[in-house]
>>> print(open('query08.tsv').read())   # TSV, C-alpha atoms
chain	number	residue	atom	x	y	z
A	881	MET	CA	196.23	162.64	18.67
A	882	GLN	CA	197.24	159.59	20.62
A	883	ASP	CA	196.93	156.39	18.61
A	884	GLN	CA	194.62	154.18	20.68
A	885	GLY	CA	194.15	151.39	18.20
A	886	GLN	CA	197.48	149.60	18.04
A	887	GLY	CA	196.86	145.88	17.75
A	888	ARG	CA	195.58	143.70	20.53
A	889	ILE	CA	195.61	144.97	24.09
A	890	GLY	CA	199.03	144.48	25.64
A	891	LYS	CA	200.83	144.03	22.28
A	892	GLY	CA	202.94	146.55	20.44
A	893	CYS	CA	202.47	147.83	16.92
A	894	GLY	CA	202.79	145.00	14.45
A	895	GLU	CA	202.40	142.23	17.02
A	896	GLY	CA	198.72	141.60	16.29
A	897	PRO	CA	197.55	138.65	14.19
A	898	ILE	CA	198.40	139.75	10.66
A	899	GLY	CA	197.41	137.83	7.56
A	900	GLN	CA	195.45	135.11	9.27
A	901	GLY	CA	192.86	134.98	6.51
A	902	PRO	CA	192.53	135.67	2.78
A	903	ILE	CA	194.34	138.81	1.71
A	904	GLY	CA	192.45	141.11	-0.65
A	905	GLN	CA	193.97	143.92	-2.72
A	906	GLY	CA	192.34	147.22	-1.75
A	907	PRO	CA	192.46	150.46	-3.72
A	908	VAL	CA	195.01	153.04	-2.67
A	909	GLY	CA	193.73	155.13	0.22
A	910	SER	CA	190.51	153.14	0.63
A	911	GLY	CA	191.66	151.89	4.01
A	912	GLY	CA	193.66	154.96	4.94
A	913	HIS	CA	196.99	153.51	3.80
A	914	LYS	CA	198.51	152.24	0.61
A	915	GLY	CA	198.91	148.53	0.28
A	916	ILE	CA	196.78	145.60	1.22
A	917	TRP	CA	193.82	144.95	3.44
A	918	GLN	CA	194.50	142.17	5.86
A	919	GLN	CA	192.03	139.84	7.54
A	920	GLU	CA	188.50	141.17	7.94
A	921	LEU	CA	186.99	140.71	11.38
A	922	GLY	CA	183.42	141.35	10.24
A	923	MET	CA	180.67	143.96	10.56
A	924	PHE	CA	180.25	145.83	13.83
A	925	VAL	CA	178.29	148.65	15.40
A	926	GLY	CA	180.05	151.34	17.37
A	927	ARG	CA	180.30	155.03	18.18
A	928	ILE	CA	182.82	157.51	16.80
A	929	LYS	CA	184.77	158.32	19.92
A	930	SER	CA	187.15	160.94	18.51
A	931	PHE	CA	188.22	162.47	15.23
A	932	SER	CA	190.75	165.18	14.38
A	933	ALA	CA	190.34	166.83	10.99
A	934	ILE	CA	193.85	168.29	11.37
A	935	ASP	CA	195.49	164.92	12.02
A	936	GLY	CA	193.19	163.15	9.59
A	937	TYR	CA	192.12	160.26	11.79
A	938	GLY	CA	190.13	159.24	14.82
A	939	PHE	CA	188.79	156.18	16.60
A	940	ILE	CA	185.56	154.21	16.91
A	941	GLU	CA	184.76	152.56	20.20
A	942	CYS	CA	183.08	149.17	19.93
A	943	PRO	CA	182.61	146.74	22.83
A	944	SER	CA	182.36	143.78	20.43
A	945	VAL	CA	185.78	144.53	18.96
A	946	ARG	CA	187.26	145.00	22.43
A	947	ALA	CA	185.82	141.61	23.39
A	948	GLN	CA	188.10	140.12	20.74
A	949	GLY	CA	191.15	141.63	22.43
A	950	TYR	CA	191.56	144.83	20.41
A	951	ARG	CA	191.52	148.48	21.37
A	952	ASP	CA	189.47	151.22	19.70
A	953	VAL	CA	189.13	150.93	15.92
A	954	PHE	CA	191.27	153.28	13.83
A	955	LEU	CA	189.26	155.58	11.52
A	956	HIS	CA	191.00	157.30	8.59
A	957	ASN	CA	189.64	160.55	7.17
A	958	SER	CA	188.99	158.81	3.84
A	959	GLN	CA	186.26	156.79	5.57
A	960	VAL	CA	184.68	159.30	7.94
A	961	GLN	CA	182.32	160.75	5.31
A	962	SER	CA	179.88	163.18	6.97
A	963	PHE	CA	179.86	161.41	10.33
A	964	VAL	CA	180.90	163.30	13.43
A	965	VAL	CA	182.07	162.46	16.94
A	966	GLY	CA	179.22	160.70	18.73
A	967	SER	CA	177.68	159.19	15.58
A	968	SER	CA	176.52	155.58	15.89
A	969	VAL	CA	177.68	153.64	12.84
A	970	HIS	CA	177.81	150.23	11.20
A	971	PHE	CA	181.26	149.48	9.81
A	972	THR	CA	183.58	146.73	8.61
A	973	VAL	CA	186.69	146.04	10.67
A	974	TYR	CA	189.90	144.70	9.12
A	975	LEU	CA	193.46	144.42	10.34
A	976	ASN	CA	195.78	146.79	8.51
A	977	ALA	CA	199.47	146.24	7.78
A	978	LYS	CA	200.34	147.26	11.34
A	979	GLY	CA	197.94	144.77	12.87
A	980	GLN	CA	195.58	147.52	13.95
A	981	PRO	CA	191.81	147.12	13.73
A	982	GLN	CA	190.73	149.68	11.17
A	983	ALA	CA	187.27	150.75	9.96
A	984	LYS	CA	185.88	151.05	6.46
A	985	ASP	CA	182.49	151.20	4.72
A	986	LEU	CA	180.76	153.22	7.43
A	987	GLN	CA	176.96	153.35	7.41
A	988	ALA	CA	174.55	155.07	9.74
A	989	ASP	CA	173.11	152.87	12.47
A	990	ALA	CA	169.45	152.86	11.39
A	991	VAL	CA	168.09	152.13	14.87
A	992	ALA	CA	170.01	154.97	16.53
A	993	ALA	CA	169.49	157.43	13.67
A	994	ALA	CA	165.79	156.89	13.03
A	995	PRO	CA	163.47	159.35	14.80
A	996	PRO	CA	160.70	157.92	16.96
A	997	SER	CA	157.70	156.87	14.91
A	998	LEU	CA	154.46	155.02	15.40
A	999	GLU	CA	155.91	152.08	13.52
A	1000	ARG	CA	158.84	151.72	15.94
A	1001	VAL	CA	157.27	152.86	19.20
A	1002	GLN	CA	154.65	150.65	20.81
A	1003	LEU	CA	152.26	153.02	22.49
A	1004	PRO	CA	150.88	151.67	25.76
A	1005	SER	CA	147.21	150.81	25.87
A	1006	PRO	CA	145.20	153.33	27.83
A	1007	SER	CA	144.52	152.22	31.37
A	1008	PRO	CA	140.97	152.21	32.80
A	1009	GLU	CA	141.94	155.32	34.77
A	1010	ALA	CA	143.03	157.10	31.58
A	1011	ALA	CA	139.66	156.38	30.00
A	1012	GLU	CA	137.79	158.13	32.79
A	1013	GLN	CA	136.53	161.53	31.81
A	1014	LYS	CA	135.60	163.83	34.65
A	1015	SER	CA	136.03	163.72	38.40
A	1016	LEU	CA	133.09	165.26	40.24
A	1017	GLY	CA	134.77	165.37	43.66
A	1018	ASN	CA	134.32	163.57	46.97
A	1019	PHE	CA	130.90	162.71	48.37
A	1020	VAL	CA	129.35	160.88	51.29
A	1021	GLY	CA	126.85	158.10	50.69
A	1022	VAL	CA	125.66	154.62	51.57
A	1023	VAL	CA	126.36	151.36	49.79
A	1024	LYS	CA	122.77	150.80	48.68
A	1025	SER	CA	123.31	147.41	47.05
A	1026	PHE	CA	126.06	145.07	45.99
A	1027	HIS	CA	125.86	141.73	44.16
A	1028	GLN	CA	128.86	139.47	44.69
A	1029	ALA	CA	127.87	137.21	41.81
A	1030	ASN	CA	127.53	140.08	39.34
A	1031	GLY	CA	130.50	141.98	40.74
A	1032	TYR	CA	128.90	145.38	41.10
A	1033	GLY	CA	126.50	147.49	43.13
A	1034	PHE	CA	125.45	151.10	43.74
A	1035	ILE	CA	126.04	153.93	46.18
A	1036	ALA	CA	123.22	156.34	47.01
A	1037	SER	CA	124.21	159.95	47.75
A	1038	ALA	CA	121.89	162.89	48.32
A	1039	SER	CA	124.71	165.31	47.47
A	1040	LEU	CA	125.04	163.81	43.99
A	1041	ARG	CA	121.26	163.99	43.54
A	1042	ALA	CA	121.39	167.65	44.55
A	1043	GLN	CA	123.81	168.24	41.67
A	1044	GLY	CA	121.34	166.77	39.20
A	1045	TYR	CA	122.57	163.18	39.08
A	1046	GLU	CA	119.45	161.12	39.59
A	1047	ALA	CA	121.10	157.73	39.17
A	1048	ASP	CA	123.02	156.08	41.98
A	1049	ALA	CA	126.82	155.82	41.56
A	1050	PHE	CA	127.94	152.53	40.00
A	1051	LEU	CA	130.31	150.59	42.28
A	1052	HIS	CA	132.62	147.98	40.73
A	1053	ARG	CA	133.92	145.07	42.77
A	1054	SER	CA	137.48	146.35	42.33
A	1055	GLN	CA	136.48	149.31	44.54
A	1056	ILE	CA	134.23	147.65	47.15
A	1057	SER	CA	137.15	146.64	49.42
A	1058	THR	CA	135.65	145.22	52.67
A	1059	PHE	CA	132.51	147.36	52.65
A	1060	ALA	CA	129.07	145.75	52.64
A	1061	GLU	CA	125.54	146.90	51.95
A	1062	GLY	CA	124.51	149.68	54.32
A	1063	ALA	CA	128.08	150.87	54.93
A	1064	ALA	CA	128.55	154.64	55.14
A	1065	VAL	CA	131.39	155.71	52.90
A	1066	CYS	CA	133.13	158.71	51.50
A	1067	PHE	CA	134.01	158.22	47.82
A	1068	GLU	CA	135.16	159.98	44.69
A	1069	ALA	CA	132.51	160.25	41.99
A	1070	TYR	CA	133.44	160.46	38.31
A	1071	LEU	CA	131.93	160.12	34.85
A	1072	ASP	CA	133.41	157.50	32.55
A	1073	THR	CA	133.72	157.79	28.76
A	1074	ASN	CA	130.07	156.83	28.37
A	1075	GLY	CA	128.92	159.43	30.88
A	1076	ARG	CA	128.08	156.83	33.52
A	1077	LEU	CA	128.29	157.92	37.14
A	1078	LYS	CA	130.78	155.75	39.02
A	1079	ALA	CA	132.45	155.56	42.43
A	1080	ARG	CA	136.03	154.83	43.48
A	1081	ALA	CA	138.49	155.42	46.35
A	1082	LEU	CA	136.09	154.49	49.14
A	1083	PHE	CA	136.85	154.96	52.82
A	1084	ALA	CA	134.72	154.67	55.92
A	1085	VAL	CA	132.91	157.53	57.62
A	1086	ALA	CA	130.81	157.70	60.78
A	1087	SER	CA	127.42	156.15	60.07
A	1088	GLU	CA	125.38	157.83	62.81
A	1089	GLY	CA	122.44	159.61	61.28
A	1090	LEU	CA	123.47	158.65	57.73
A	1091	ALA	CA	120.77	156.94	55.70
A	1092	VAL	CA	120.15	156.09	52.07
A	1093	ASP	CA	119.61	159.28	50.03
A	1094	THR	CA	120.83	161.33	52.99
A	1095	VAL	CA	124.20	162.97	53.53
A	1096	ALA	CA	123.54	164.25	57.02
A	1097	VAL	CA	126.21	162.81	59.26
A	1098	THR	CA	125.65	163.19	62.97
A	1099	ARG	CA	128.70	164.65	64.66
A	1100	ARG	CA	129.34	165.53	68.28
A	1101	PRO	CA	127.71	168.91	68.97
A	1102	VAL	CA	129.99	171.86	69.53
A	1103	GLU	CA	129.77	173.06	73.10
A	1104	SER	CA	128.80	176.67	73.49
A	1105	LYS	CA	131.16	179.03	75.20
A	1106	GLY	CA	128.62	179.75	77.93
A	1107	SER	CA	128.15	176.16	79.01
>>> encode(input="query08.tsv", output="structure tokens")
Amino acid sequence: MQDQGQGRIGKGCGEGPIGQGPIGQGPVGSGGHKGIWQQELGMFVGRIKSFSAIDGYGFIECPSVRAQGYRDVFLHNSQVQSFVVGSSVHFTVYLNAKGQPQAKDLQADAVAAAPPSLERVQLPSPSPEAAEQKSLGNFVGVVKSFHQANGYGFIASASLRAQGYEADAFLHRSQISTFAEGAAVCFEAYLDTNGRLKARALFAVASEGLAVDTVAVTRRPVESKGS
């Protein structure tokens, strides 16, 4: 495996900043090599980029470490534990005797490892559309009344009455658009969570012959073949 973690970028092995801080005596093999641990750079989060069980080492990629002028962080098999390539980990970085950034004390990245849960995921509030229960289909009717001050009105439709809905369809001001009382409209009727009959998605239709409580729309008569 190619050693990608040799010192700072552009410097050879051993040319990195060695011994710039307090030197601590580490146990044999705890950092992957005998001898001393050099300056610690701190705690970081990264992803195990590669690891060879045959060679006994791999590398952790970490943008924060690279921002300090180093390459990928060397990972010895004594520190890999049960982590695998692709694992997101917290780890301590120190400079070893060769001036390489090296990892120790790996821990799972709790944010990346935790499964989605109600505590971590903010569920969106249901929209007014999501609260609506049942669409009854499209109907033709007349805007029977509308009160600007109150912000609502009603649409009368004989077709809805024929289906057993005696009440007129409630019309909210968010759906009125530019229509006024007496306007002939086609609309979608639906029942909200309380079972109230409501109207939405209005558009204009020909008003000839269309009256309140009537769905008869006068259309141009079809010419007979004999005429």
>>> residues_around(input="query08.tsv", residues="A:Ala1060", least_positions_apart="6", cutoff="12 Å", atoms="only C-alpha atoms", output="ChimeraX atom specification")
/A:1022-1028,1032-1035,1051,1053,1082,1084
>>> atom_distance(input="query08.tsv", atom1="atom CA of A:Gln982", atom2="atom CA of A:Gln961")
15.1 Å
>>> residues_around(input="query08.tsv", residues="stretch 918-933 of chain A", least_positions_apart="3", cutoff="6 Å", atoms="all atoms listed in the file", output="list of chain:residue names")
A:Gly899, A:Gly901, A:Ile903, A:Gly936, A:Tyr937, A:Gly938, A:Phe939, A:Ile940, A:Glu941, A:Cys942, A:Val965, A:Gly966, A:Ser967, A:Ser968, A:Val969, A:His970, A:Phe971, A:Thr972, A:Val973, A:Tyr974, A:Leu975, A:Asn976
>>> write_last_selection(input="query08.tsv", atoms="C-alpha atoms", output="mmCIF file, in the frame of the given file")
data_model
loop_
_atom_site.group_PDB
_atom_site.id
_atom_site.type_symbol
_atom_site.label_atom_id
_atom_site.label_comp_id
_atom_site.auth_asym_id
_atom_site.auth_seq_id
_atom_site.Cartn_x
_atom_site.Cartn_y
_atom_site.Cartn_z
ATOM 1 C CA GLY A 899 197.410 137.830 7.560
ATOM 2 C CA GLY A 901 192.860 134.980 6.510
ATOM 3 C CA ILE A 903 194.340 138.810 1.710
ATOM 4 C CA GLY A 936 193.190 163.150 9.590
ATOM 5 C CA TYR A 937 192.120 160.260 11.790
ATOM 6 C CA GLY A 938 190.130 159.240 14.820
ATOM 7 C CA PHE A 939 188.790 156.180 16.600
ATOM 8 C CA ILE A 940 185.560 154.210 16.910
ATOM 9 C CA GLU A 941 184.760 152.560 20.200
ATOM 10 C CA CYS A 942 183.080 149.170 19.930
ATOM 11 C CA VAL A 965 182.070 162.460 16.940
ATOM 12 C CA GLY A 966 179.220 160.700 18.730
ATOM 13 C CA SER A 967 177.680 159.190 15.580
ATOM 14 C CA SER A 968 176.520 155.580 15.890
ATOM 15 C CA VAL A 969 177.680 153.640 12.840
ATOM 16 C CA HIS A 970 177.810 150.230 11.200
ATOM 17 C CA PHE A 971 181.260 149.480 9.810
ATOM 18 C CA THR A 972 183.580 146.730 8.610
ATOM 19 C CA VAL A 973 186.690 146.040 10.670
ATOM 20 C CA TYR A 974 189.900 144.700 9.120
ATOM 21 C CA LEU A 975 193.460 144.420 10.340
ATOM 22 C CA ASN A 976 195.780 146.790 8.510
#
>>> closest_residue(input="query08.tsv", among="A:Ser958, A:Cys1066, A:Tyr950, A:His1052", to="A:Asn1030", atoms="all atoms listed in the file")
A:His1052
>>> atom_distance(input="query08.tsv", atom1="atom CA of A:Ser1037", atom2="atom CA of A:Glu1068")
11.4 Å
>>> atom_distance(input="query08.tsv", atom1="atom CA of A:Ala947", atom2="atom CA of A:Phe963")
24.5 Å
>>> closest_residue(input="query08.tsv", among="A:Gly1017, A:Pro943, A:Gly949, A:Pro981", to="A:Phe1067", atoms="only C-alpha atoms")
A:Gly1017
>>> axis_aligned_box(input="query08.tsv", around="stretch 930-941 of chain A", padding_each_side="3 Å", output="AutoDock Vina command-line options")
--center_x 190.1 --center_y 160.4 --center_z 14.9 --size_x 16.7 --size_y 21.7 --size_z 16.6
>>> closest_residue(input="query08.tsv", among="A:Gln980, A:Glu1061, A:Phe1019, A:Leu986", to="A:Ala1042", atoms="all atoms listed in the file")
A:Phe1019
